[in-house]
Amino acid sequence: MFAVKVGSAFEDAKKRYKSFLDKYTGVIEKTTDLFMRVDTIHAEALATVIFAAVELISRKKASVSETDVLKAVMEWKQRRRPPLDETMVASTIRNLGILGWLDLQPDDRLPVADDAEIYV
């Protein structure tokens with residue numbers, strides 16, 4: 001894991017881009033809140049799920065299901081070592097939907113246990 005700290009140019013950049021950043025305060029805070037809740041493995045899964053869902057939604061005219069996103073994530077990350085846990089990814093997809101981050105068709109085939117951990 002890497003720790004990132006701001007440098008001496010931070011205050012100048014913050015002032016220079018204040019009007020731009022102010023437009024996105026809500027999005028920045030929502031994203032920060034989401035990612036502060038998870039470790040790096042879950043952060044990778046979150047980012048990958050969001051990216052895959054947005055890509056699928058932009059390419060399809062019909063609605064995208066939770067299982068469509070799971071399949072896309074697992075195919076994209078098939079060479080990852082160690083592989084992402086399918087149940088964790090499925091839970092991430094479901095939880096992002098519940099939290100309003102994704103608008104997907106619910107799918108009973110999504111491999112989420114009844115007592116699944118909440119990863120987000």
# chains A, B, ... in the order shown; residues from 1 in each chain; ligands from 1
$ residues_around --residues "range 29-39 of chain A" --least-positions-apart "3" --cutoff "12 Å" --atoms "only C-alpha atoms" --output "PDB file with N, CA and C atoms, in the first residue's frame"
ATOM      1  N   MET A   1       0.844  -1.167   0.000  1.00  0.00           N
ATOM      2  CA  MET A   1       0.000   0.000   0.000  1.00  0.00           C
ATOM      3  C   MET A   1       0.894   1.236   0.000  1.00  0.00           C
ATOM      4  N   PHE A   2       0.418   2.271  -0.635  1.00  0.00           N
ATOM      5  CA  PHE A   2       1.141   3.524  -0.689  1.00  0.00           C
ATOM      6  C   PHE A   2       0.415   4.571   0.145  1.00  0.00           C
ATOM      7  N   LEU A  21     -13.165  22.943  -8.649  1.00  0.00           N
ATOM      8  CA  LEU A  21     -13.404  21.960  -7.590  1.00  0.00           C
ATOM      9  C   LEU A  21     -14.735  22.195  -6.890  1.00  0.00           C
ATOM     10  N   ASP A  22     -15.116  23.456  -6.717  1.00  0.00           N
ATOM     11  CA  ASP A  22     -16.379  23.771  -6.043  1.00  0.00           C
ATOM     12  C   ASP A  22     -17.578  23.179  -6.787  1.00  0.00           C
ATOM     13  N   LYS A  23     -17.493  23.102  -8.118  1.00  0.00           N
ATOM     14  CA  LYS A  23     -18.599  22.517  -8.903  1.00  0.00           C
ATOM     15  C   LYS A  23     -18.785  21.035  -8.608  1.00  0.00           C
ATOM     16  N   TYR A  24     -17.722  20.384  -8.183  1.00  0.00           N
ATOM     17  CA  TYR A  24     -17.756  18.940  -7.982  1.00  0.00           C
ATOM     18  C   TYR A  24     -17.651  18.522  -6.512  1.00  0.00           C
ATOM     19  N   THR A  25     -17.902  19.445  -5.613  1.00  0.00           N
ATOM     20  CA  THR A  25     -17.780  19.145  -4.189  1.00  0.00           C
ATOM     21  C   THR A  25     -18.629  17.947  -3.784  1.00  0.00           C
ATOM     22  N   GLY A  26     -19.870  17.891  -4.224  1.00  0.00           N
ATOM     23  CA  GLY A  26     -20.756  16.781  -3.866  1.00  0.00           C
ATOM     24  C   GLY A  26     -20.232  15.441  -4.346  1.00  0.00           C
ATOM     25  N   HIS A  42     -10.811  -4.096  -1.858  1.00  0.00           N
ATOM     26  CA  HIS A  42     -12.198  -3.730  -2.109  1.00  0.00           C
ATOM     27  C   HIS A  42     -12.290  -2.448  -2.945  1.00  0.00           C
ATOM     28  N   ALA A  43     -11.333  -1.554  -2.782  1.00  0.00           N
ATOM     29  CA  ALA A  43     -11.314  -0.342  -3.600  1.00  0.00           C
ATOM     30  C   ALA A  43     -11.105  -0.704  -5.070  1.00  0.00           C
ATOM     31  N   GLU A  44     -10.243  -1.677  -5.334  1.00  0.00           N
ATOM     32  CA  GLU A  44     -10.041  -2.137  -6.710  1.00  0.00           C
ATOM     33  C   GLU A  44     -11.336  -2.729  -7.260  1.00  0.00           C
ATOM     34  N   ALA A  45     -12.006  -3.531  -6.449  1.00  0.00           N
ATOM     35  CA  ALA A  45     -13.272  -4.128  -6.888  1.00  0.00           C
ATOM     36  C   ALA A  45     -14.314  -3.042  -7.145  1.00  0.00           C
ATOM     37  N   LEU A  46     -14.421  -2.066  -6.260  1.00  0.00           N
ATOM     38  CA  LEU A  46     -15.375  -0.966  -6.443  1.00  0.00           C
ATOM     39  C   LEU A  46     -15.125  -0.238  -7.760  1.00  0.00           C
ATOM     40  N   ALA A  47     -13.887   0.159  -7.962  1.00  0.00           N
ATOM     41  CA  ALA A  47     -13.552   0.913  -9.171  1.00  0.00           C
ATOM     42  C   ALA A  47     -13.812   0.084 -10.427  1.00  0.00           C
ATOM     43  N   ILE A  50     -17.665  -0.271 -11.013  1.00  0.00           N
ATOM     44  CA  ILE A  50     -18.234   0.980 -11.530  1.00  0.00           C
ATOM     45  C   ILE A  50     -17.831   1.183 -12.984  1.00  0.00           C
ATOM     46  N   THR A  92     -20.359  -6.493  -3.946  1.00  0.00           N
ATOM     47  CA  THR A  92     -20.034  -5.106  -4.273  1.00  0.00           C
ATOM     48  C   THR A  92     -21.030  -4.553  -5.284  1.00  0.00           C
ATOM     49  N   ASN A  95     -24.400  -4.046  -3.495  1.00  0.00           N
ATOM     50  CA  ASN A  95     -24.348  -2.923  -2.556  1.00  0.00           C
ATOM     51  C   ASN A  95     -24.262  -1.571  -3.260  1.00  0.00           C
ATOM     52  N   LEU A  96     -23.531  -1.501  -4.367  1.00  0.00           N
ATOM     53  CA  LEU A  96     -23.480  -0.248  -5.122  1.00  0.00           C
ATOM     54  C   LEU A  96     -24.844   0.100  -5.700  1.00  0.00           C
ATOM     55  N   LEU A  99     -26.923   1.439  -2.770  1.00  0.00           N
ATOM     56  CA  LEU A  99     -26.478   2.787  -2.406  1.00  0.00           C
ATOM     57  C   LEU A  99     -26.764   3.833  -3.484  1.00  0.00           C
ATOM     58  N   GLY A 100     -27.286   3.405  -4.629  1.00  0.00           N
ATOM     59  CA  GLY A 100     -27.630   4.340  -5.694  1.00  0.00           C
ATOM     60  C   GLY A 100     -26.488   4.699  -6.625  1.00  0.00           C
ATOM     61  N   TRP A 101     -25.386   3.989  -6.531  1.00  0.00           N
ATOM     62  CA  TRP A 101     -24.253   4.240  -7.420  1.00  0.00           C
ATOM     63  C   TRP A 101     -24.484   3.648  -8.802  1.00  0.00           C
ATOM     64  N   ILE A 118     -21.071  -6.865   3.961  1.00  0.00           N
ATOM     65  CA  ILE A 118     -21.261  -5.618   3.245  1.00  0.00           C
ATOM     66  C   ILE A 118     -19.883  -5.022   3.024  1.00  0.00           C
ATOM     67  N   TYR A 119     -19.516  -4.861   1.762  1.00  0.00           N
ATOM     68  CA  TYR A 119     -18.166  -4.403   1.425  1.00  0.00           C
ATOM     69  C   TYR A 119     -18.102  -2.918   1.129  1.00  0.00           C
ATOM     70  N   VAL A 120     -19.239  -2.247   1.092  1.00  0.00           N
ATOM     71  CA  VAL A 120     -19.204  -0.801   0.838  1.00  0.00           C
ATOM     72  C   VAL A 120     -20.137  -0.107   1.793  1.00  0.00           C
TER      73      VAL A 120
END
$ closest_residue --among "A:Val6, A:Pro82, A:Ala53, A:Thr48" --to "Thr67 in chain A" --atoms "only C-alpha atoms"
A:Ala53
$ residues_around --residues "range 69-71 of chain A" --least-positions-apart "3" --cutoff "9 Å" --atoms "only C-alpha atoms" --output "list in words"
Val49, Ile50, Ala52, Ala53, Leu56, Val64, Ser65, Glu66, Met74, Glu75, Trp76, Glu86, Val89, Ala90, Ile93, Leu104 and Leu110 of chain A
$ atom_distance --atom1 "CA of Pro106 in chain A" --atom2 "CA of Ser58 in chain A"
18.1 Å
$ closest_residue --among "A:Ala3, A:Val27, A:Ala9, A:Leu102" --to "Ile57 in chain A" --atoms "only C-alpha atoms"
A:Leu102
$ atom_distance --atom1 "CA of Thr87 in chain A" --atom2 "CA of Val112 in chain A"
5.9 Å
